[in-house]
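Visitor: Just so it is clear, I am handing over start_37.pdb, which has PDB, C-alpha atoms and all ligand atoms.
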```pdb
MODEL        1
ATOM      1  CA  MET A 162      21.625  27.855 -41.977
ATOM      2  CA  THR A 163      22.615  24.488 -43.432
ATOM      3  CA  ALA A 164      22.898  21.305 -41.364
ATOM      4  CA  SER A 165      26.556  20.238 -41.574
ATOM      5  CA  LYS A 166      29.637  22.208 -40.563
ATOM      6  CA  PRO A 167      29.540  25.607 -42.272
ATOM      7  CA  ARG A 168      32.400  26.440 -44.646
ATOM      8  CA  VAL A 169      31.280  30.006 -45.399
ATOM      9  CA  ALA A 170      30.303  32.710 -42.931
ATOM     10  CA  ILE A 171      27.818  35.286 -44.181
ATOM     11  CA  ILE A 172      27.907  38.248 -41.856
ATOM     12  CA  MET A 173      26.014  41.514 -42.128
ATOM     13  CA  GLY A 174      25.683  44.716 -40.195
ATOM     14  CA  SER A 175      21.953  44.483 -39.602
ATOM     15  CA  ARG A 176      18.950  42.240 -40.094
ATOM     16  CA  SER A 177      17.840  44.863 -42.590
ATOM     17  CA  ASP A 178      20.680  43.645 -44.858
ATOM     18  CA  TRP A 179      19.264  40.103 -45.053
ATOM     19  CA  PRO A 180      16.894  40.647 -48.030
ATOM     20  CA  VAL A 181      20.012  41.472 -50.065
ATOM     21  CA  MET A 182      22.454  39.089 -48.375
ATOM     22  CA  LYS A 183      20.155  36.089 -48.675
ATOM     23  CA  LYS A 184      21.077  36.072 -52.371
ATOM     24  CA  ALA A 185      24.539  34.900 -51.273
ATOM     25  CA  ALA A 186      22.925  32.193 -49.172
ATOM     26  CA  GLU A 187      20.754  31.098 -52.091
ATOM     27  CA  ALA A 188      23.800  30.850 -54.362
ATOM     28  CA  LEU A 189      25.589  28.686 -51.792
ATOM     29  CA  ASP A 190      22.473  26.547 -51.276
ATOM     30  CA  GLY A 191      22.288  25.995 -55.022
ATOM     31  CA  LEU A 192      25.831  24.618 -55.053
ATOM     32  CA  GLY A 193      25.528  22.589 -51.871
ATOM     33  CA  VAL A 194      27.978  24.734 -49.908
ATOM     34  CA  THR A 195      27.400  24.927 -46.171
ATOM     35  CA  TYR A 196      27.202  28.346 -44.552
ATOM     36  CA  GLU A 197      26.102  30.178 -41.459
ATOM     37  CA  ALA A 198      24.543  33.654 -41.487
ATOM     38  CA  ARG A 199      24.987  36.055 -38.571
ATOM     39  CA  VAL A 200      24.387  39.704 -37.734
ATOM     40  CA  VAL A 201      27.717  41.271 -36.754
ATOM     41  CA  SER A 202      27.906  45.055 -36.745
ATOM     42  CA  ALA A 203      31.198  46.941 -36.844
ATOM     43  CA  HIS A 204      29.542  49.919 -35.146
ATOM     44  CA  ARG A 205      26.759  48.539 -32.951
ATOM     45  CA  THR A 206      28.439  45.295 -31.839
ATOM     46  CA  PRO A 207      32.166  45.955 -32.290
ATOM     47  CA  GLU A 208      33.201  43.397 -29.681
ATOM     48  CA  ARG A 209      31.079  40.715 -31.365
ATOM     49  CA  MET A 210      32.810  41.606 -34.639
ATOM     50  CA  VAL A 211      36.290  41.273 -33.126
ATOM     51  CA  GLU A 212      35.404  37.994 -31.429
ATOM     52  CA  PHE A 213      33.911  36.586 -34.631
ATOM     53  CA  ALA A 214      36.759  37.671 -36.911
ATOM     54  CA  LYS A 215      39.518  36.450 -34.599
ATOM     55  CA  SER A 216      37.917  33.021 -34.138
ATOM     56  CA  ALA A 217      36.453  32.455 -37.637
ATOM     57  CA  LYS A 218      39.369  30.386 -38.963
ATOM     58  CA  ALA A 219      39.522  28.239 -35.827
ATOM     59  CA  GLU A 220      35.760  27.696 -36.093
ATOM     60  CA  GLY A 221      36.365  26.099 -39.462
ATOM     61  CA  PHE A 222      35.160  28.814 -41.813
ATOM     62  CA  GLN A 223      37.141  29.062 -45.044
ATOM     63  CA  VAL A 224      35.634  32.174 -46.642
ATOM     64  CA  ILE A 225      33.804  35.150 -45.144
ATOM     65  CA  ILE A 226      31.148  37.123 -47.003
ATOM     66  CA  ALA A 227      30.523  40.440 -45.286
ATOM     67  CA  GLY A 228      27.712  42.781 -46.285
ATOM     68  CA  ALA A 229      26.985  46.208 -44.889
ATOM     69  CA  GLY A 230      25.437  49.499 -45.882
ATOM     70  CA  GLY A 231      26.185  53.172 -45.423
ATOM     71  CA  ALA A 232      29.488  53.702 -43.609
ATOM     72  CA  ALA A 233      30.214  50.051 -44.276
ATOM     73  CA  HIS A 234      33.275  49.225 -42.196
ATOM     74  CA  LEU A 235      32.407  45.604 -41.465
ATOM     75  CA  PRO A 236      34.207  43.907 -44.385
ATOM     76  CA  GLY A 237      37.436  45.853 -43.946
ATOM     77  CA  MET A 238      37.556  45.590 -40.172
ATOM     78  CA  THR A 239      36.841  41.875 -40.390
ATOM     79  CA  ALA A 240      39.580  41.439 -43.000
ATOM     80  CA  SER A 241      42.026  43.189 -40.682
ATOM     81  CA  LEU A 242      41.437  40.523 -38.021
ATOM     82  CA  THR A 243      41.522  37.279 -40.035
ATOM     83  CA  PRO A 244      43.708  35.567 -42.621
ATOM     84  CA  LEU A 245      40.585  34.183 -44.339
ATOM     85  CA  PRO A 246      39.516  35.686 -47.674
ATOM     86  CA  VAL A 247      36.806  38.316 -47.139
ATOM     87  CA  LEU A 248      34.303  39.174 -49.868
ATOM     88  CA  GLY A 249      32.559  42.495 -49.332
ATOM     89  CA  VAL A 250      29.034  43.249 -50.493
ATOM     90  CA  PRO A 251      27.908  46.898 -50.543
ATOM     91  CA  VAL A 252      24.282  47.008 -49.402
ATOM     92  CA  PRO A 253      22.150  49.954 -50.529
ATOM     93  CA  VAL A 254      20.359  51.570 -47.599
ATOM     94  CA  ARG A 255      16.996  53.312 -47.745
ATOM     95  CA  ASP A 256      18.077  56.722 -46.491
ATOM     96  CA  GLY A 257      21.672  56.494 -47.665
ATOM     97  CA  LEU A 258      23.347  57.206 -50.965
ATOM     98  CA  LYS A 259      21.863  54.220 -52.857
ATOM     99  CA  GLY A 260      24.855  52.025 -52.197
ATOM    100  CA  LEU A 261      27.545  54.348 -53.488
ATOM    101  CA  ASP A 262      28.407  55.135 -49.862
ATOM    102  CA  SER A 263      28.611  51.411 -49.083
ATOM    103  CA  LEU A 264      30.706  50.691 -52.171
ATOM    104  CA  LEU A 265      33.236  53.418 -51.480
ATOM    105  CA  SER A 266      33.444  52.407 -47.808
ATOM    106  CA  ILE A 267      34.325  48.838 -48.769
ATOM    107  CA  VAL A 268      36.344  49.048 -51.955
ATOM    108  CA  GLN A 269      39.212  51.399 -51.187
ATOM    109  CA  MET A 270      41.185  49.324 -48.723
ATOM    110  CA  PRO A 271      44.771  50.241 -47.919
ATOM    111  CA  GLY A 272      47.374  48.010 -49.543
ATOM    112  CA  GLY A 273      48.023  44.973 -47.382
ATOM    113  CA  VAL A 274      44.473  44.320 -46.165
ATOM    114  CA  PRO A 275      42.465  43.038 -49.121
ATOM    115  CA  VAL A 276      38.692  42.829 -49.392
ATOM    116  CA  GLY A 277      37.291  41.346 -52.585
ATOM    117  CA  THR A 278      34.557  43.875 -53.290
ATOM    118  CA  LEU A 279      31.502  42.820 -55.273
ATOM    119  CA  ALA A 280      28.771  44.830 -56.989
ATOM    120  CA  VAL A 281      26.215  46.860 -55.033
ATOM    121  CA  GLY A 282      23.088  45.003 -53.966
ATOM    122  CA  GLU A 283      21.605  41.643 -54.884
ATOM    123  CA  ALA A 284      23.898  40.972 -57.854
ATOM    124  CA  GLY A 285      26.899  41.522 -55.598
ATOM    125  CA  ALA A 286      25.505  39.229 -52.916
ATOM    126  CA  LYS A 287      24.751  36.496 -55.452
ATOM    127  CA  ASN A 288      28.218  36.826 -56.954
ATOM    128  CA  ALA A 289      29.817  36.743 -53.505
ATOM    129  CA  GLY A 290      28.158  33.382 -52.930
ATOM    130  CA  LEU A 291      29.293  32.100 -56.308
ATOM    131  CA  LEU A 292      32.824  33.431 -55.832
ATOM    132  CA  ALA A 293      33.080  31.861 -52.386
ATOM    133  CA  ALA A 294      32.060  28.547 -53.953
ATOM    134  CA  GLN A 295      34.650  28.982 -56.710
ATOM    135  CA  ILE A 296      37.364  29.611 -54.100
ATOM    136  CA  LEU A 297      36.366  26.463 -52.223
ATOM    137  CA  ALA A 298      36.169  24.537 -55.498
ATOM    138  CA  LEU A 299      39.918  24.981 -55.999
ATOM    139  CA  SER A 300      40.417  22.214 -53.454
ATOM    140  CA  ASP A 301      37.085  20.409 -53.874
ATOM    141  CA  PRO A 302      36.702  18.607 -57.228
ATOM    142  CA  GLU A 303      33.048  17.660 -56.634
ATOM    143  CA  LEU A 304      32.147  21.271 -55.950
ATOM    144  CA  ALA A 305      34.164  22.310 -59.015
ATOM    145  CA  THR A 306      32.006  19.983 -61.112
ATOM    146  CA  ARG A 307      28.836  21.588 -59.707
ATOM    147  CA  VAL A 308      30.183  25.087 -60.412
ATOM    148  CA  GLU A 309      31.002  24.111 -63.990
ATOM    149  CA  ALA A 310      27.527  22.583 -64.447
ATOM    150  CA  LEU A 311      25.897  25.757 -63.150
ATOM    151  CA  ARG A 312      27.887  27.853 -65.585
ATOM    152  CA  GLN A 313      27.053  25.550 -68.479
ATOM    153  CA  GLY A 314      23.362  25.634 -67.580
ATOM    154  CA  GLN A 315      23.488  29.412 -67.461
ATOM    155  CA  THR A 316      25.126  29.525 -70.885
ATOM    156  CA  ASP A 317      22.695  27.008 -72.337
ATOM    157  CA  GLY A 318      19.767  29.048 -71.007
ATOM    158  CA  VAL A 319      20.592  32.144 -73.084
ATOM    159  CA  PRO A 320      18.603  32.137 -76.352
ATOM    160  CA  ASP A 321      20.315  33.490 -79.438
ATOM    161  CA  SER A 322      17.101  34.843 -80.928
ATOM    162  CA  VAL A 323      15.288  37.952 -79.710
ATOM    163  CA  GLU A 324      11.873  36.237 -79.697
ATOM    164  CA  ASP A 325      10.377  32.733 -80.066
TER     165      ASP A 325
HETATM  166  C1  LIG B   1      24.682  49.271 -41.499
HETATM  167  O1  LIG B   1      23.698  50.212 -41.381
HETATM  168  C2  LIG B   1      23.963  47.991 -41.798
HETATM  169  O2  LIG B   1      24.817  47.122 -42.500
HETATM  170  C3  LIG B   1      22.792  48.426 -42.612
HETATM  171  O3  LIG B   1      23.032  48.301 -43.999
HETATM  172  C4  LIG B   1      22.651  49.901 -42.280
HETATM  173  C5  LIG B   1      21.314  50.248 -41.677
HETATM  174  O4  LIG B   1      21.073  49.424 -40.555
HETATM  175  P1  LIG B   1      19.659  49.482 -39.829
HETATM  176  O5  LIG B   1      19.503  50.872 -39.308
HETATM  177  O6  LIG B   1      18.616  49.125 -40.860
HETATM  178  O7  LIG B   1      19.734  48.444 -38.724
HETATM  179  O8  LIG B   1      25.455  49.152 -40.357
ENDMDL
END
```
Can you turn what I pasted into structure tokens?

Guide:
Amino acid sequence: MTASKPRVAIIMGSRSDWPVMKKAAEALDGLGVTYEARVVSAHRTPERMVEFAKSAKAEGFQVIIAGAGGAAHLPGMTASLTPLPVLGVPVPVRDGLKGLDSLLSIVQMPGGVPVGTLAVGEAGAKNAGLLAAQILALSDPELATRVEALRQGQTDGVPDSVED
């Protein structure tokens, strides 16, 4: 958790999702975006989920990143209870269907309740963090400059030769 008021909420269905979801936190840390990470399960703590989703905007969050695995209802249920943009990260679970279950549970929302669904696993979590920062950067010029610098550094770091 970062020190000042968090702009992004990173929620996940279980502590077991954290090794994947911390990639979103790392992306936000890298861009100086404040966040708070919490365990909120659609199935095991449904009342906590409702309370969180209904109060998230009033708490000052601007974007929600929600990760879950298996029958991953957390992103969609959260999106149904808040006007904030929700980015969904499908987490692959050990004894599940390698993330395909999570992906399909998150991606096919009914029209009217959007969830911005990212890739399965760590790449999706990292991109959720970056995308949340890009959303916030629309109204934050200093953050926009940091996002652009990150992109430029990424581009500059790709060699054009196959070996030294
Ligand atoms: C989901 O069930 C969680 O998001 C997690 O990905 C999966 C397994 O949870 P644990 O049994 O590891 O707590 O709700």

Visitor: Using 8 Å as the limit and counting only C-alpha atoms and all ligand atoms, can you tabulate each residue of chain A that touches ligand LIG 1 (chain B), with its shortest atom-to-atom distance in Å and the two atoms involved, as CSV?

Guide:
```
residue,atom,partner,partner_atom,distance
A:Met173,CA,B:LIG1,O2,5.7
A:Gly174,CA,B:LIG1,O2,3.4
A:Ser175,CA,B:LIG1,C2,4.6
A:Arg176,CA,B:LIG1,O7,6.4
A:Ser177,CA,B:LIG1,O6,4.7
A:Asp178,CA,B:LIG1,O3,5.3
A:Ser202,CA,B:LIG1,O8,6.0
A:Ala203,CA,B:LIG1,O8,7.1
A:His204,CA,B:LIG1,O8,6.7
A:Arg205,CA,B:LIG1,O8,7.5
A:Gly228,CA,B:LIG1,O2,6.4
A:Ala229,CA,B:LIG1,O2,3.4
A:Gly230,CA,B:LIG1,O3,3.3
A:Gly231,CA,B:LIG1,O1,5.6
A:Ala232,CA,B:LIG1,C1,6.9
A:Ala233,CA,B:LIG1,O8,6.2
A:Leu235,CA,B:LIG1,O2,7.8
A:Val252,CA,B:LIG1,O3,5.7
A:Pro253,CA,B:LIG1,O3,6.8
A:Val254,CA,B:LIG1,O3,5.5
```

Visitor: From the options A:Gln223, A:Ser216, A:Ser300, A:Ser241, which residue's atoms come nearest to Gly273 of chain A, counting only C-alpha atoms?

Guide: A:Ser241

Visitor: So, with all atoms listed in the file as the atoms that count, which of A:Met270, A:Val194, A:Leu265, A:Ala219 lies closest to Ala298 of chain A?

Guide: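 Of the candidates, the smallest distance to Ala298 of chain A is held by A:Val194.
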
Visitor: For the PyMOL selection byres (((chain A and resi 183) around 10) and not hetatm), applied here, can you spell out every residue it catches as a PDB file with C-alpha atoms, in the frame of the given file?

Guide:
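Written file, part-v4.pdb:
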```pdb
ATOM      1  CA  ILE A 171      27.818  35.286 -44.181  1.00  0.00           C
ATOM      2  CA  ASP A 178      20.680  43.645 -44.858  1.00  0.00           C
ATOM      3  CA  TRP A 179      19.264  40.103 -45.053  1.00  0.00           C
ATOM      4  CA  PRO A 180      16.894  40.647 -48.030  1.00  0.00           C
ATOM      5  CA  VAL A 181      20.012  41.472 -50.065  1.00  0.00           C
ATOM      6  CA  MET A 182      22.454  39.089 -48.375  1.00  0.00           C
ATOM      7  CA  LYS A 184      21.077  36.072 -52.371  1.00  0.00           C
ATOM      8  CA  ALA A 185      24.539  34.900 -51.273  1.00  0.00           C
ATOM      9  CA  ALA A 186      22.925  32.193 -49.172  1.00  0.00           C
ATOM     10  CA  GLU A 187      20.754  31.098 -52.091  1.00  0.00           C
ATOM     11  CA  ALA A 188      23.800  30.850 -54.362  1.00  0.00           C
ATOM     12  CA  LEU A 189      25.589  28.686 -51.792  1.00  0.00           C
ATOM     13  CA  ALA A 198      24.543  33.654 -41.487  1.00  0.00           C
ATOM     14  CA  GLU A 283      21.605  41.643 -54.884  1.00  0.00           C
ATOM     15  CA  ALA A 286      25.505  39.229 -52.916  1.00  0.00           C
ATOM     16  CA  LYS A 287      24.751  36.496 -55.452  1.00  0.00           C
ATOM     17  CA  GLY A 290      28.158  33.382 -52.930  1.00  0.00           C
TER      18      GLY A 290
END
```

Visitor: Decode the PyMOL selection byres (((chain A and resi 164-170) around 10) and not hetatm) for the given file into explicit residues and return them as a PDB file with C-alpha atoms, in the coordinates of the input.

Guide:
```
ATOM      1  CA  MET A 162      21.625  27.855 -41.977  1.00  0.00           C
ATOM      2  CA  THR A 163      22.615  24.488 -43.432  1.00  0.00           C
ATOM      3  CA  ILE A 171      27.818  35.286 -44.181  1.00  0.00           C
ATOM      4  CA  ILE A 172      27.907  38.248 -41.856  1.00  0.00           C
ATOM      5  CA  MET A 173      26.014  41.514 -42.128  1.00  0.00           C
ATOM      6  CA  ALA A 186      22.925  32.193 -49.172  1.00  0.00           C
ATOM      7  CA  LEU A 189      25.589  28.686 -51.792  1.00  0.00           C
ATOM      8  CA  VAL A 194      27.978  24.734 -49.908  1.00  0.00           C
ATOM      9  CA  THR A 195      27.400  24.927 -46.171  1.00  0.00           C
ATOM     10  CA  TYR A 196      27.202  28.346 -44.552  1.00  0.00           C
ATOM     11  CA  GLU A 197      26.102  30.178 -41.459  1.00  0.00           C
ATOM     12  CA  ALA A 198      24.543  33.654 -41.487  1.00  0.00           C
ATOM     13  CA  ARG A 199      24.987  36.055 -38.571  1.00  0.00           C
ATOM     14  CA  PHE A 213      33.911  36.586 -34.631  1.00  0.00           C
ATOM     15  CA  ALA A 217      36.453  32.455 -37.637  1.00  0.00           C
ATOM     16  CA  LYS A 218      39.369  30.386 -38.963  1.00  0.00           C
ATOM     17  CA  GLU A 220      35.760  27.696 -36.093  1.00  0.00           C
ATOM     18  CA  GLY A 221      36.365  26.099 -39.462  1.00  0.00           C
ATOM     19  CA  PHE A 222      35.160  28.814 -41.813  1.00  0.00           C
ATOM     20  CA  GLN A 223      37.141  29.062 -45.044  1.00  0.00           C
ATOM     21  CA  VAL A 224      35.634  32.174 -46.642  1.00  0.00           C
ATOM     22  CA  ILE A 225      33.804  35.150 -45.144  1.00  0.00           C
ATOM     23  CA  ILE A 226      31.148  37.123 -47.003  1.00  0.00           C
ATOM     24  CA  ALA A 227      30.523  40.440 -45.286  1.00  0.00           C
ATOM     25  CA  VAL A 247      36.806  38.316 -47.139  1.00  0.00           C
ATOM     26  CA  GLY A 290      28.158  33.382 -52.930  1.00  0.00           C
ATOM     27  CA  ALA A 293      33.080  31.861 -52.386  1.00  0.00           C
ATOM     28  CA  ALA A 294      32.060  28.547 -53.953  1.00  0.00           C
ATOM     29  CA  LEU A 297      36.366  26.463 -52.223  1.00  0.00           C
TER      30      LEU A 297
END
```

Visitor: Between atom CA of Gly249 of chain A and atom CA of Val268 of chain A, what is the spacing in Å?

Guide: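 One can read the atom CA of Val268 of chain A to atom CA of Gly249 of chain A distance as 8.0 Å.
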
Visitor: In the coordinate frame of the file, compute which residues have an atom within 8 Å of (34.9, 28.4, -61.0) when using only C-alpha atoms, and state them as a list in words.

Guide: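 Residues close enough to count: Leu292, Ala294, Gln295, Ile296, Ala298, Leu299, Ala305, Val308 and Glu309 of chain A.
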
Visitor: In Å to one decimal, how far is atom CA of Pro251 of chain A from atom CA of Ser266 of chain A?

Guide: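 Those two atoms sit 8.3 Å apart.
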
Visitor: Please determine, counting all atoms listed in the file, which residue among A:Asp262, A:Arg255, A:Ala240, A:Val250 has the shortest atom-to-atom distance to Val274 of chain A.

Guide: A:Ala240

Visitor: Provide the atom CA of Val276 of chain A to atom CA of Glu208 of chain A distance in Å, to one decimal place.

Guide: 20.5 Å

Visitor: Rank nothing, just name the residue among A:Gly191, A:Asn288, A:Thr243, A:His234 nearest to Glu212 of chain A, using only C-alpha atoms.

Guide: A:Thr243

Visitor: Taking the block just given, write segment 271-292 of chain A to a file that holds C-alpha atoms, as a tab-separated table (two decimals), in the first residue's frame.

Guide:
```
chain	number	residue	atom	x	y	z
A	271	PRO	CA	-23.93	-8.41	-20.71
A	272	GLY	CA	-24.26	-5.15	-22.61
A	273	GLY	CA	-24.61	-2.25	-20.20
A	274	VAL	CA	-22.20	-3.42	-17.49
A	275	PRO	CA	-18.68	-3.14	-18.89
A	276	VAL	CA	-15.55	-4.74	-17.50
A	277	GLY	CA	-12.30	-3.98	-19.31
A	278	THR	CA	-10.84	-7.48	-19.45
A	279	LEU	CA	-7.08	-7.93	-19.63
A	280	ALA	CA	-4.93	-10.93	-20.52
A	281	VAL	CA	-4.72	-14.00	-18.29
A	282	GLY	CA	-2.08	-13.90	-15.57
A	283	GLU	CA	0.86	-11.62	-14.86
A	284	ALA	CA	0.81	-9.83	-18.22
A	285	GLY	CA	-2.84	-8.97	-17.65
A	286	ALA	CA	-2.17	-7.72	-14.13
A	287	LYS	CA	0.75	-5.58	-15.31
A	288	ASN	CA	-1.33	-4.16	-18.14
A	289	ALA	CA	-4.23	-3.46	-15.79
A	290	GLY	CA	-1.88	-1.32	-13.71
A	291	LEU	CA	-0.59	0.48	-16.78
A	292	LEU	CA	-4.09	0.97	-18.19
```
